[in-house]
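Notes follow the structure.
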Amino acid sequence: MSTLHIFSKPLGYYNTDQLVNLIQPTDKVLLLSDACFAIAQFRQLATHLLILADDAKVRDITINQPDHSLSYDDFVALTLATSHSITW
Amino acid sequence: MSTLHIFSKPLGYYNTDQLVNLIQPTDKVLLLSDACFAIAQFRQLATHLLILADDAKVRDITINQPDHSLSYDDFVALTLATSHSITW
Amino acid sequence: MINVLVLSHHSPFDDLHIRDALDMTLIFAAVEQNISWLFSGPAVLALKKHQQPEHIGLKNYFKTIRTLEIYDVENIYVCEKSLLEYGLDKHNLLVEVKALNYQQQNQLIAQQQHIVNL
Amino acid sequence: MINVLVLSHHSPFDDLHIRDALDMTLIFAAVEQNISWLFSGPAVLALKKHQQPEHIGLKNYFKTIRTLEIYDVENIYVCEKSLLEYGLDKHNLLVEVKALNYQQQNQLIAQQQHIVNL
Amino acid sequence: MARFVLSLHSAPSDHDTTQRLVKFAQACLTQGHNIDAIFLYQNGVFHASEQLDLAADELAINTLWQQLHEQGIHLMLCVTAAEKRGLDINNTSVFAVAGLAEFAMLASDADKWVQFK
Amino acid sequence: MARFVLSLHSAPSDHDTTQRLVKFAQACLTQGHNIDAIFLYQNGVFHASEQLDLAADELAINTLWQQLHEQGIHLMLCVTAAEKRGLDINNTSVFAVAGLAEFAMLASDADKWVQFK
């Protein structure tokens, strides 16, 4: 059982306290859109962040660890590999 | 010189750190709409809060100090008594 | 029958967020799925008693929230911490709810097939 | 000539907030008022260099931000603390800006006739 | 007496903000102030959608705008904001289609600009 | 192969979310999955506005929806959400007007429901 947590804005848009308590170690955290700017902020929620490569690229953001970079095919596969998703 | 700061949502919707630093002791803080629910939260920004009476009433919120309760006529007068307003 | 969870965390008159969540909750009950609704943050204020928005010309959707019990929507949950933050307790609320701590919220989430955040 | 201040605090692709603020800033310059634009929080990211939204089919409004200098909009300010929060410094930005601490932001606000938050 | 401009930034679905702007405008007029313009900007432009037709138990938004229009208040729609949102600017009800420059000039001459959102 | 439903919650002015939903949908189809419905809810219903007409240098939203429609994807508009927002449900482009119950049944049968906003 694991949840896919999807974010599209920097962390300040969300209730950090709630997220810190609801995101489990086995869960996946995916950053889309303007959330890609805030990789450092989201690291407090999960060490292994997944980042949509297209969205990072247009924002001139370098993804340091290659295994954190996701294509749309990977995104679809990720929704299937988790029990359910929450688009915050 | 004083600024009228207008809020319509609970404090969690805003950047508290910025507000704490930008709201001056001579400024006025006005709570409308769902901000009326959060009088206790907004007290960290200003001791003398102004609250639109109509909006508080429909939410069944009691305004303890009568001088904090504003009519629409008072609201108009308040915009004239301050240098400018910011609708956050 | 599947488990579906609706999440709400917007304040009562922040656009139509709570009303959209209410409609979604009622319809999943109508199509006989096991629907739950979890209120967090300022959304708990949508459950506060004695609100009368019709006095300023707004639709009173709180009346519809009260019909949840009639339509057998029994799984109404609130974040325990959020209730405290807004100075509310169960006696101030429109309907009967279960207050959950974060661990219980995690258990609720783990049981769901679909989760929709409105 | 009056002093008008535009405030931005939304992230670059949060709906059209930054684009609406850009239009407002350019038009007040065009009607020859003394316009200033202050970026706070995630809005500072709208000034980050080398963004290419056209690669995913989105309009590149960053090009228009660069025209602010051509149209003599010189009062572009950023919150010093927000730059730090997003790991940016002046060399990463599209246009020349003045970084302000909170005290300086207060002075800027005090000088304005109108302040619009977009 | 003071000169006001008011701007509305939220969509018609935000009934609460709409009723507040209207009541503020009426209080201005009652006190003898001038409202030089009410300006729809950002998602506020959707108020000018000709098709806007809400249920009877919702706020009667169209009627409120009609009343303000009949009281001679200049109701303006920002063409730039409308075009970015794909709104049909050929059918804008009681709202006059205006450029941002026109509003900026009115705002520059006004004593007070109050935003509603 | 899995069965998906996708829902879109943000207005057409949020071009970024729209392009992401479309690319996700295309990746689903390429991988051989089924998309039982794409459902417009909340402010997403404004995508069904017939008048939507954006400038040439903006995302070609209408064309993207047309393509998904031609690929046989069931594009649905929530009538309840549309009526609350005053949208004209007689002209909804490639979107079929549907009740929330119809969508809830499709979602109940789907393996995955992914929200875009």
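So you can find residues: chains in the structure tokens are A, B, ... in the order shown, residues in each start at 1, and ligands are numbered from 1 in order.
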Could you make a table, as JSON lines, of the residues of chain A that have an atom within 12 Å of an atom of chain B, each with its nearest atom pair and distance in Å to one decimal, counting only C-alpha atoms, in chain and number order?
```
{"residue": "A:Leu11", "atom": "CA", "partner": "B:Asn15", "partner_atom": "CA", "distance": 11.8}
{"residue": "A:Gly12", "atom": "CA", "partner": "B:Asn15", "partner_atom": "CA", "distance": 8.0}
{"residue": "A:Tyr13", "atom": "CA", "partner": "B:Tyr13", "partner_atom": "CA", "distance": 7.9}
{"residue": "A:Tyr14", "atom": "CA", "partner": "B:Tyr13", "partner_atom": "CA", "distance": 8.9}
{"residue": "A:Asn15", "atom": "CA", "partner": "B:Gly12", "partner_atom": "CA", "distance": 8.0}
{"residue": "A:Thr16", "atom": "CA", "partner": "B:Gly12", "partner_atom": "CA", "distance": 10.6}
{"residue": "A:Asp17", "atom": "CA", "partner": "B:Gly12", "partner_atom": "CA", "distance": 11.5}
```
Expected answer as a PyMOL selection string: helix (DSSP H, G or I) residues in segment 16-65 of chain F: chain F and resi 16-30+42-48+61-65
Rows by chain and residue number, chain B within 6 Å of chain C, shortest pair, only C-alpha atoms, as CSV:
```
residue,atom,partner,partner_atom,distance
B:Val58,CA,C:Gln52,CA,4.7
B:Arg59,CA,C:Gln51,CA,4.6
B:Asp60,CA,C:Gln51,CA,5.5
```
For those residues, write C-alpha atoms to a file as a PDB file, in the first residue's frame.
```
ATOM      1  CA  VAL B  58     -23.858  35.371   8.985  1.00  0.00           C
ATOM      2  CA  ARG B  59     -21.037  33.156  10.271  1.00  0.00           C
ATOM      3  CA  ASP B  60     -22.444  33.341  13.827  1.00  0.00           C
TER       4      ASP B  60
END
```
Contacts of Ala30 of chain C within 9 Å, only C-alpha atoms, excl. fewer than 3 positions in-chain, as a ChimeraX atom specification: /C:25-27,33,71 /F:101
Could the residues in this selection be saved with N, CA, C and O atoms as an mmCIF file, in the first residue's frame?
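Result file is out37.cif:
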```
data_model
loop_
_atom_site.group_PDB
_atom_site.id
_atom_site.type_symbol
_atom_site.label_atom_id
_atom_site.label_comp_id
_atom_site.auth_asym_id
_atom_site.auth_seq_id
_atom_site.Cartn_x
_atom_site.Cartn_y
_atom_site.Cartn_z
ATOM 1 N N THR C 25 -19.592 14.078 -2.752
ATOM 2 C CA THR C 25 -19.853 13.139 -1.663
ATOM 3 C C THR C 25 -21.264 12.552 -1.780
ATOM 4 O O THR C 25 -21.457 11.335 -1.707
ATOM 5 N N LEU C 26 -22.250 13.431 -2.003
ATOM 6 C CA LEU C 26 -23.636 12.961 -2.104
ATOM 7 C C LEU C 26 -23.814 12.007 -3.277
ATOM 8 O O LEU C 26 -24.541 11.016 -3.177
ATOM 9 N N ILE C 27 -23.136 12.269 -4.397
ATOM 10 C CA ILE C 27 -23.365 11.435 -5.569
ATOM 11 C C ILE C 27 -22.732 10.050 -5.409
ATOM 12 O O ILE C 27 -23.308 9.056 -5.840
ATOM 13 N N GLN C 33 -21.514 3.716 -3.364
ATOM 14 C CA GLN C 33 -20.133 3.380 -3.023
ATOM 15 C C GLN C 33 -19.908 3.794 -1.571
ATOM 16 O O GLN C 33 -20.697 4.555 -1.002
ATOM 17 N N TYR C 71 -29.056 10.867 3.828
ATOM 18 C CA TYR C 71 -28.630 10.021 2.712
ATOM 19 C C TYR C 71 -27.595 8.972 3.136
ATOM 20 O O TYR C 71 -26.872 8.436 2.307
ATOM 21 N N ALA F 101 -23.492 11.628 -11.437
ATOM 22 C CA ALA F 101 -23.700 10.201 -11.175
ATOM 23 C C ALA F 101 -23.039 9.342 -12.258
ATOM 24 O O ALA F 101 -22.425 8.311 -11.970
#
```
Spatial neighbours of segment 42-57 of chain B, 7 Å, only C-alpha atoms, chain gap at least 5 places, as a PyMOL selection string: chain B and resi 11+20+23+29-33+36+68-71
Write a file of the selected residues as an mmCIF file, in the first residue's frame, keeping all heavy atoms.
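Dumped everything to part21.cif:
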```cif
data_model
loop_
_atom_site.group_PDB
_atom_site.id
_atom_site.type_symbol
_atom_site.label_atom_id
_atom_site.label_comp_id
_atom_site.auth_asym_id
_atom_site.auth_seq_id
_atom_site.Cartn_x
_atom_site.Cartn_y
_atom_site.Cartn_z
ATOM 1 N N LEU B 11 -5.741 33.033 8.176
ATOM 2 C CA LEU B 11 -4.337 33.433 8.057
ATOM 3 C C LEU B 11 -3.478 32.441 7.266
ATOM 4 O O LEU B 11 -2.520 32.844 6.589
ATOM 5 C CB LEU B 11 -3.748 33.631 9.466
ATOM 6 C CG LEU B 11 -2.407 34.353 9.562
ATOM 7 C CD1 LEU B 11 -2.450 35.717 8.900
ATOM 8 C CD2 LEU B 11 -1.978 34.485 11.017
ATOM 9 N N VAL B 20 3.701 39.880 9.104
ATOM 10 C CA VAL B 20 4.201 40.324 10.409
ATOM 11 C C VAL B 20 5.191 41.472 10.221
ATOM 12 O O VAL B 20 5.215 42.430 10.994
ATOM 13 C CB VAL B 20 4.864 39.141 11.163
ATOM 14 C CG1 VAL B 20 5.724 39.634 12.314
ATOM 15 C CG2 VAL B 20 3.803 38.169 11.654
ATOM 16 N N ILE B 23 3.152 44.861 8.280
ATOM 17 C CA ILE B 23 2.064 45.590 8.929
ATOM 18 C C ILE B 23 2.626 46.429 10.077
ATOM 19 O O ILE B 23 3.258 45.903 10.991
ATOM 20 C CB ILE B 23 0.950 44.628 9.398
ATOM 21 C CG1 ILE B 23 0.322 43.950 8.158
ATOM 22 C CG2 ILE B 23 -0.116 45.380 10.197
ATOM 23 C CD1 ILE B 23 -0.728 42.919 8.462
ATOM 24 N N VAL B 29 -6.081 46.822 10.211
ATOM 25 C CA VAL B 29 -6.294 45.470 9.677
ATOM 26 C C VAL B 29 -7.790 45.170 9.682
ATOM 27 O O VAL B 29 -8.432 45.216 10.734
ATOM 28 C CB VAL B 29 -5.530 44.414 10.498
ATOM 29 C CG1 VAL B 29 -5.901 42.999 10.058
ATOM 30 C CG2 VAL B 29 -4.023 44.628 10.364
ATOM 31 N N LEU B 30 -8.330 44.899 8.482
ATOM 32 C CA LEU B 30 -9.774 44.665 8.325
ATOM 33 C C LEU B 30 -10.038 43.227 7.901
ATOM 34 O O LEU B 30 -9.473 42.753 6.906
ATOM 35 C CB LEU B 30 -10.332 45.640 7.267
ATOM 36 C CG LEU B 30 -11.776 45.436 6.827
ATOM 37 C CD1 LEU B 30 -12.752 45.564 7.999
ATOM 38 C CD2 LEU B 30 -12.144 46.436 5.724
ATOM 39 N N LEU B 31 -10.918 42.548 8.631
ATOM 40 C CA LEU B 31 -11.272 41.161 8.310
ATOM 41 C C LEU B 31 -12.650 41.087 7.667
ATOM 42 O O LEU B 31 -13.640 41.562 8.228
ATOM 43 C CB LEU B 31 -11.259 40.299 9.582
ATOM 44 C CG LEU B 31 -9.994 40.329 10.436
ATOM 45 C CD1 LEU B 31 -10.095 39.302 11.573
ATOM 46 C CD2 LEU B 31 -8.744 40.081 9.602
ATOM 47 N N LEU B 32 -12.689 40.485 6.471
ATOM 48 C CA LEU B 32 -13.936 40.274 5.743
ATOM 49 C C LEU B 32 -14.139 38.769 5.564
ATOM 50 O O LEU B 32 -13.214 37.995 5.727
ATOM 51 C CB LEU B 32 -13.850 40.891 4.346
ATOM 52 C CG LEU B 32 -13.363 42.329 4.201
ATOM 53 C CD1 LEU B 32 -13.220 42.660 2.718
ATOM 54 C CD2 LEU B 32 -14.341 43.279 4.868
ATOM 55 N N SER B 33 -15.353 38.401 5.173
ATOM 56 C CA SER B 33 -15.634 37.032 4.722
ATOM 57 C C SER B 33 -15.068 35.990 5.684
ATOM 58 O O SER B 33 -15.211 36.123 6.906
ATOM 59 C CB SER B 33 -15.062 36.858 3.311
ATOM 60 O OG SER B 33 -15.407 35.614 2.766
ATOM 61 N N CYS B 36 -13.114 36.435 9.060
ATOM 62 C CA CYS B 36 -13.803 36.685 10.334
ATOM 63 C C CYS B 36 -13.745 35.476 11.264
ATOM 64 O O CYS B 36 -13.841 35.621 12.484
ATOM 65 C CB CYS B 36 -15.265 37.038 10.102
ATOM 66 S SG CYS B 36 -15.506 38.518 9.116
ATOM 67 N N HIS B 68 -14.722 47.274 17.442
ATOM 68 C CA HIS B 68 -14.055 46.518 16.381
ATOM 69 C C HIS B 68 -15.021 46.149 15.257
ATOM 70 O O HIS B 68 -14.621 45.597 14.255
ATOM 71 C CB HIS B 68 -13.433 45.240 16.956
ATOM 72 C CG HIS B 68 -12.283 45.503 17.886
ATOM 73 N ND1 HIS B 68 -11.386 44.544 18.248
ATOM 74 C CD2 HIS B 68 -11.875 46.641 18.513
ATOM 75 C CE1 HIS B 68 -10.479 45.058 19.066
ATOM 76 N NE2 HIS B 68 -10.767 46.324 19.247
ATOM 77 N N SER B 69 -16.297 46.446 15.444
ATOM 78 C CA SER B 69 -17.328 46.050 14.486
ATOM 79 C C SER B 69 -17.583 47.166 13.471
ATOM 80 O O SER B 69 -17.767 48.325 13.832
ATOM 81 C CB SER B 69 -18.605 45.739 15.275
ATOM 82 O OG SER B 69 -19.680 45.549 14.406
ATOM 83 N N LEU B 70 -17.575 46.817 12.187
ATOM 84 C CA LEU B 70 -17.669 47.812 11.115
ATOM 85 C C LEU B 70 -18.916 47.617 10.256
ATOM 86 O O LEU B 70 -19.220 46.496 9.847
ATOM 87 C CB LEU B 70 -16.462 47.622 10.184
ATOM 88 C CG LEU B 70 -15.550 48.809 9.940
ATOM 89 C CD1 LEU B 70 -14.739 49.075 11.192
ATOM 90 C CD2 LEU B 70 -14.643 48.533 8.760
ATOM 91 N N SER B 71 -19.594 48.713 9.941
ATOM 92 C CA SER B 71 -20.652 48.675 8.922
ATOM 93 C C SER B 71 -20.015 48.980 7.563
ATOM 94 O O SER B 71 -18.838 49.347 7.493
ATOM 95 C CB SER B 71 -21.698 49.743 9.235
ATOM 96 O OG SER B 71 -21.110 51.023 9.052
#
```
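Atom CA of Leu22 of chain B is found 16.1 Å from atom CA of His114 of chain D.
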Interface residues on chain E facing chain D, 10 Å, only C-alpha atoms, written as a PyMOL selection string: chain E and resi 7+9+41-43+80-81+84-85+99-105+107-115+117
Write the residues you've just listed into a file as a compact mmCIF listing (two decimals), in the first residue's frame, and include N, CA, C and O atoms for each of them.
```txt
# COMPACT_ATOMS: atom_id res chain seq x y z
N SER E 7 -12.08 47.61 -8.24
CA SER E 7 -11.79 46.53 -9.20
C SER E 7 -12.20 45.20 -8.60
O SER E 7 -12.08 44.99 -7.39
N HIS E 9 -11.74 41.06 -8.91
CA HIS E 9 -10.74 40.11 -9.41
C HIS E 9 -11.19 38.65 -9.37
O HIS E 9 -10.46 37.79 -9.85
N TYR E 41 -11.21 42.70 -13.70
CA TYR E 41 -9.86 42.29 -14.09
C TYR E 41 -9.64 40.85 -13.62
O TYR E 41 -10.41 40.32 -12.83
N GLN E 42 -8.59 40.21 -14.12
CA GLN E 42 -8.29 38.81 -13.81
C GLN E 42 -9.57 37.97 -14.01
O GLN E 42 -10.28 38.17 -15.00
N ASN E 43 -9.87 37.03 -13.11
CA ASN E 43 -11.05 36.19 -13.34
C ASN E 43 -12.37 36.94 -13.17
O ASN E 43 -13.43 36.40 -13.47
N THR E 80 -7.86 43.06 -22.35
CA THR E 80 -6.64 42.23 -22.33
C THR E 80 -6.87 40.97 -21.49
O THR E 80 -6.55 39.85 -21.90
N ALA E 81 -7.43 41.17 -20.30
CA ALA E 81 -7.69 40.04 -19.40
C ALA E 81 -8.73 39.11 -20.01
O ALA E 81 -8.63 37.88 -19.89
N LYS E 84 -7.17 36.98 -22.91
CA LYS E 84 -6.29 35.92 -22.39
C LYS E 84 -7.11 34.74 -21.87
O LYS E 84 -6.61 33.63 -21.77
N ARG E 85 -8.38 35.01 -21.49
CA ARG E 85 -9.23 33.95 -20.93
C ARG E 85 -10.24 33.41 -21.94
O ARG E 85 -11.09 32.61 -21.59
N GLY E 99 -9.83 49.26 -22.69
CA GLY E 99 -8.42 48.91 -22.60
C GLY E 99 -7.93 49.16 -21.19
O GLY E 99 -8.53 49.91 -20.42
N LEU E 100 -6.83 48.53 -20.89
CA LEU E 100 -6.21 48.70 -19.57
C LEU E 100 -5.76 50.16 -19.39
O LEU E 100 -5.80 50.69 -18.27
N ALA E 101 -5.37 50.81 -20.48
CA ALA E 101 -4.90 52.20 -20.40
C ALA E 101 -6.01 53.12 -19.89
O ALA E 101 -5.78 54.01 -19.07
N GLU E 102 -7.23 52.88 -20.38
CA GLU E 102 -8.36 53.70 -19.96
C GLU E 102 -8.57 53.57 -18.46
O GLU E 102 -8.77 54.57 -17.75
N PHE E 103 -8.51 52.33 -17.97
CA PHE E 103 -8.67 52.14 -16.53
C PHE E 103 -7.51 52.78 -15.76
O PHE E 103 -7.72 53.42 -14.73
N ALA E 104 -6.28 52.59 -16.25
CA ALA E 104 -5.11 53.13 -15.54
C ALA E 104 -5.22 54.65 -15.41
O ALA E 104 -4.84 55.21 -14.38
N MET E 105 -5.76 55.31 -16.44
CA MET E 105 -5.92 56.76 -16.36
C MET E 105 -6.98 57.14 -15.32
O MET E 105 -6.79 58.08 -14.55
N ALA E 107 -7.83 55.34 -12.72
CA ALA E 107 -7.26 55.02 -11.41
C ALA E 107 -6.27 56.10 -10.97
O ALA E 107 -6.22 56.45 -9.79
N SER E 108 -5.53 56.63 -11.93
CA SER E 108 -4.53 57.66 -11.60
C SER E 108 -5.20 58.94 -11.11
O SER E 108 -4.63 59.68 -10.29
N ASP E 109 -6.40 59.20 -11.61
CA ASP E 109 -7.12 60.41 -11.20
C ASP E 109 -7.94 60.21 -9.93
O ASP E 109 -8.42 61.19 -9.33
N ALA E 110 -8.16 58.96 -9.54
CA ALA E 110 -9.04 58.68 -8.39
C ALA E 110 -8.31 58.89 -7.08
O ALA E 110 -7.08 58.78 -7.00
N ASP E 111 -9.07 59.22 -6.03
CA ASP E 111 -8.49 59.34 -4.70
C ASP E 111 -8.19 57.95 -4.12
O ASP E 111 -7.19 57.77 -3.45
N LYS E 112 -9.10 57.01 -4.38
CA LYS E 112 -8.97 55.69 -3.78
C LYS E 112 -9.25 54.60 -4.81
O LYS E 112 -10.19 54.72 -5.61
N TRP E 113 -8.43 53.57 -4.76
CA TRP E 113 -8.66 52.37 -5.56
C TRP E 113 -8.79 51.21 -4.56
O TRP E 113 -7.85 50.92 -3.83
N VAL E 114 -9.97 50.58 -4.52
CA VAL E 114 -10.18 49.45 -3.61
C VAL E 114 -10.39 48.18 -4.44
O VAL E 114 -11.25 48.14 -5.32
N GLN E 115 -9.59 47.16 -4.13
CA GLN E 115 -9.68 45.88 -4.82
C GLN E 115 -10.60 44.93 -4.07
O GLN E 115 -10.52 44.84 -2.84
N LYS E 117 -11.59 40.85 -3.89
CA LYS E 117 -11.27 39.49 -4.33
C LYS E 117 -11.40 38.51 -3.18
O LYS E 117 -11.63 38.89 -2.07
```
Could you give me, as CSV, every chain F residue with an atom at most 10 Å from chain E, plus its closest atom pair and distance in Å to one decimal, counting only C-alpha atoms, rows ordered by chain then number?
```
residue,atom,partner,partner_atom,distance
F:Ala11,CA,E:Arg85,CA,8.7
F:Pro12,CA,E:Arg85,CA,7.0
F:Ser13,CA,E:Arg85,CA,5.5
F:Asp14,CA,E:Arg85,CA,9.3
F:Asn43,CA,E:Ser13,CA,9.2
F:Phe46,CA,E:Arg85,CA,9.6
F:His47,CA,E:Gly86,CA,9.6
F:Ser49,CA,E:Leu87,CA,8.7
F:Glu50,CA,E:Asp88,CA,9.4
F:Gln51,CA,E:Asp88,CA,5.8
F:Leu52,CA,E:Gly86,CA,4.4
F:Asp53,CA,E:Gly86,CA,4.7
F:Leu54,CA,E:Gly86,CA,5.2
F:Ala55,CA,E:Lys84,CA,7.6
F:Glu58,CA,E:Lys84,CA,8.6
F:Ala82,CA,E:Leu54,CA,9.9
F:Glu83,CA,E:Leu54,CA,6.7
F:Lys84,CA,E:Leu54,CA,6.5
F:Arg85,CA,E:Ser13,CA,5.5
F:Gly86,CA,E:Leu52,CA,4.4
F:Leu87,CA,E:Leu52,CA,6.2
F:Asp88,CA,E:Gln51,CA,5.8
F:Ile89,CA,E:Gln51,CA,9.5
```
Produce a table with one row for each residue of chain A that has an atom at most 9 Å from any atom of chain F, each row naming the nearest atom pair and its distance in Å at one decimal; use only C-alpha atoms; arrange rows by chain and rising residue number; format as a Markdown table.
```
| residue | atom | partner | partner_atom | distance |
| --- | --- | --- | --- | --- |
| A:Ser8 | CA | F:Lys117 | CA | 7.9 |
| A:Leu32 | CA | F:Arg20 | CA | 8.9 |
| A:Ser33 | CA | F:Asp16 | CA | 7.3 |
| A:Tyr72 | CA | F:Phe24 | CA | 5.9 |
| A:Asp73 | CA | F:Ala27 | CA | 5.6 |
| A:Phe75 | CA | F:Phe24 | CA | 7.6 |
| A:Val76 | CA | F:Cys28 | CA | 6.4 |
| A:Ala77 | CA | F:Cys28 | CA | 8.9 |
| A:Thr79 | CA | F:Lys112 | CA | 7.4 |
| A:Leu80 | CA | F:Lys112 | CA | 7.4 |
| A:Ser83 | CA | F:Lys112 | CA | 8.6 |
| A:His84 | CA | F:Lys112 | CA | 6.9 |
| A:Ser85 | CA | F:Val114 | CA | 6.7 |
| A:Ile86 | CA | F:Gln115 | CA | 7.7 |
| A:Thr87 | CA | F:Gln115 | CA | 5.9 |
| A:Trp88 | CA | F:Lys117 | CA | 8.5 |
```
Backbone-only DSSP, strand (DSSP E) members of segment 14-111 of chain D, as a compact mmCIF listing (two decimals) with all heavy atoms, in the first residue's frame:
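So states.txt came out as:
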```txt
# COMPACT_ATOMS: atom_id res chain seq x y z
N ASN D 34 4.36 56.82 -12.17
CA ASN D 34 5.57 56.24 -11.58
C ASN D 34 5.26 54.86 -11.00
O ASN D 34 4.87 54.72 -9.85
CB ASN D 34 6.11 57.18 -10.49
CG ASN D 34 7.41 56.67 -9.92
OD1 ASN D 34 8.21 56.06 -10.64
ND2 ASN D 34 7.62 56.90 -8.63
N ILE D 35 5.45 53.85 -11.84
CA ILE D 35 5.03 52.49 -11.47
C ILE D 35 6.20 51.70 -10.87
O ILE D 35 7.33 51.81 -11.33
CB ILE D 35 4.45 51.75 -12.70
CG1 ILE D 35 3.85 50.39 -12.31
CG2 ILE D 35 5.48 51.59 -13.82
CD1 ILE D 35 2.51 50.48 -11.66
N SER D 36 5.89 50.91 -9.83
CA SER D 36 6.88 49.99 -9.25
C SER D 36 6.25 48.61 -9.19
O SER D 36 5.03 48.48 -9.10
CB SER D 36 7.24 50.43 -7.83
OG SER D 36 7.72 51.74 -7.82
N TRP D 37 7.10 47.58 -9.23
CA TRP D 37 6.61 46.20 -9.17
C TRP D 37 7.48 45.46 -8.15
O TRP D 37 8.71 45.42 -8.29
CB TRP D 37 6.71 45.56 -10.57
CG TRP D 37 6.05 44.21 -10.73
CD1 TRP D 37 5.38 43.50 -9.81
CD2 TRP D 37 6.03 43.43 -11.94
NE1 TRP D 37 4.91 42.32 -10.35
CE2 TRP D 37 5.30 42.25 -11.66
CE3 TRP D 37 6.53 43.61 -13.23
CZ2 TRP D 37 5.08 41.27 -12.62
CZ3 TRP D 37 6.32 42.61 -14.19
CH2 TRP D 37 5.60 41.46 -13.89
N LEU D 38 6.81 44.90 -7.13
CA LEU D 38 7.53 44.17 -6.07
C LEU D 38 7.18 42.68 -6.12
O LEU D 38 6.01 42.30 -6.02
CB LEU D 38 7.16 44.75 -4.70
CG LEU D 38 7.64 44.01 -3.45
CD1 LEU D 38 9.16 43.90 -3.39
CD2 LEU D 38 7.11 44.69 -2.18
N PHE D 39 8.21 41.84 -6.26
CA PHE D 39 8.04 40.38 -6.29
C PHE D 39 8.38 39.79 -4.92
O PHE D 39 9.46 40.06 -4.40
CB PHE D 39 9.00 39.76 -7.31
CG PHE D 39 8.70 40.10 -8.74
CD1 PHE D 39 9.05 41.33 -9.28
CD2 PHE D 39 8.08 39.17 -9.57
CE1 PHE D 39 8.79 41.65 -10.61
CE2 PHE D 39 7.81 39.47 -10.90
CZ PHE D 39 8.16 40.71 -11.42
N ASN D 75 11.70 50.57 -11.73
CA ASN D 75 11.50 50.24 -10.32
C ASN D 75 11.02 48.80 -10.16
O ASN D 75 9.87 48.55 -9.84
CB ASN D 75 10.49 51.18 -9.69
CG ASN D 75 10.86 52.63 -9.92
OD1 ASN D 75 12.04 52.99 -9.91
ND2 ASN D 75 9.86 53.47 -10.15
N ILE D 76 11.92 47.87 -10.42
CA ILE D 76 11.57 46.46 -10.22
C ILE D 76 12.28 46.00 -8.95
O ILE D 76 13.51 46.07 -8.84
CB ILE D 76 12.00 45.60 -11.42
CG1 ILE D 76 11.40 46.20 -12.69
CG2 ILE D 76 11.54 44.16 -11.23
CD1 ILE D 76 11.85 45.52 -13.95
N TYR D 77 11.47 45.56 -7.98
CA TYR D 77 11.99 45.21 -6.66
C TYR D 77 11.72 43.75 -6.36
O TYR D 77 10.70 43.20 -6.78
CB TYR D 77 11.31 46.06 -5.58
CG TYR D 77 11.51 47.54 -5.77
CD1 TYR D 77 10.52 48.33 -6.36
CD2 TYR D 77 12.69 48.17 -5.35
CE1 TYR D 77 10.70 49.70 -6.54
CE2 TYR D 77 12.88 49.53 -5.52
CZ TYR D 77 11.88 50.29 -6.12
OH TYR D 77 12.08 51.63 -6.29
N VAL D 78 12.61 43.12 -5.62
CA VAL D 78 12.35 41.77 -5.13
C VAL D 78 12.60 41.74 -3.64
O VAL D 78 13.43 42.46 -3.11
CB VAL D 78 13.24 40.70 -5.82
CG1 VAL D 78 12.98 40.62 -7.31
CG2 VAL D 78 14.71 40.96 -5.54
N CYS D 79 11.85 40.87 -2.97
CA CYS D 79 12.05 40.65 -1.54
C CYS D 79 13.36 39.86 -1.39
O CYS D 79 13.50 38.75 -1.92
CB CYS D 79 10.87 39.86 -0.99
SG CYS D 79 11.13 39.27 0.68
N LYS D 98 16.16 45.65 -7.73
CA LYS D 98 16.70 46.06 -6.44
C LYS D 98 16.14 45.11 -5.39
O LYS D 98 14.93 44.93 -5.29
CB LYS D 98 16.27 47.50 -6.12
CG LYS D 98 16.79 48.52 -7.13
CD LYS D 98 16.30 49.93 -6.82
CE LYS D 98 16.58 50.89 -7.97
NZ LYS D 98 15.51 50.88 -9.03
N ALA D 99 17.02 44.50 -4.62
CA ALA D 99 16.59 43.59 -3.55
C ALA D 99 16.34 44.41 -2.29
O ALA D 99 17.16 45.22 -1.91
CB ALA D 99 17.64 42.52 -3.30
N LEU D 100 15.16 44.20 -1.69
CA LEU D 100 14.77 45.00 -0.52
C LEU D 100 14.55 44.12 0.71
O LEU D 100 13.93 43.05 0.60
CB LEU D 100 13.46 45.75 -0.79
CG LEU D 100 13.35 46.67 -2.02
CD1 LEU D 100 11.97 47.34 -2.02
CD2 LEU D 100 14.45 47.72 -2.02
```
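Taking atom CA of Gly57 of chain D as the reference point, atom CA of Ala48 of chain F is found at 20.1 Å.
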Interatomic distance, atom CA of Val97 of chain E to atom CA of Ile38 of chain E (Å, one decimal): 12.0 Å
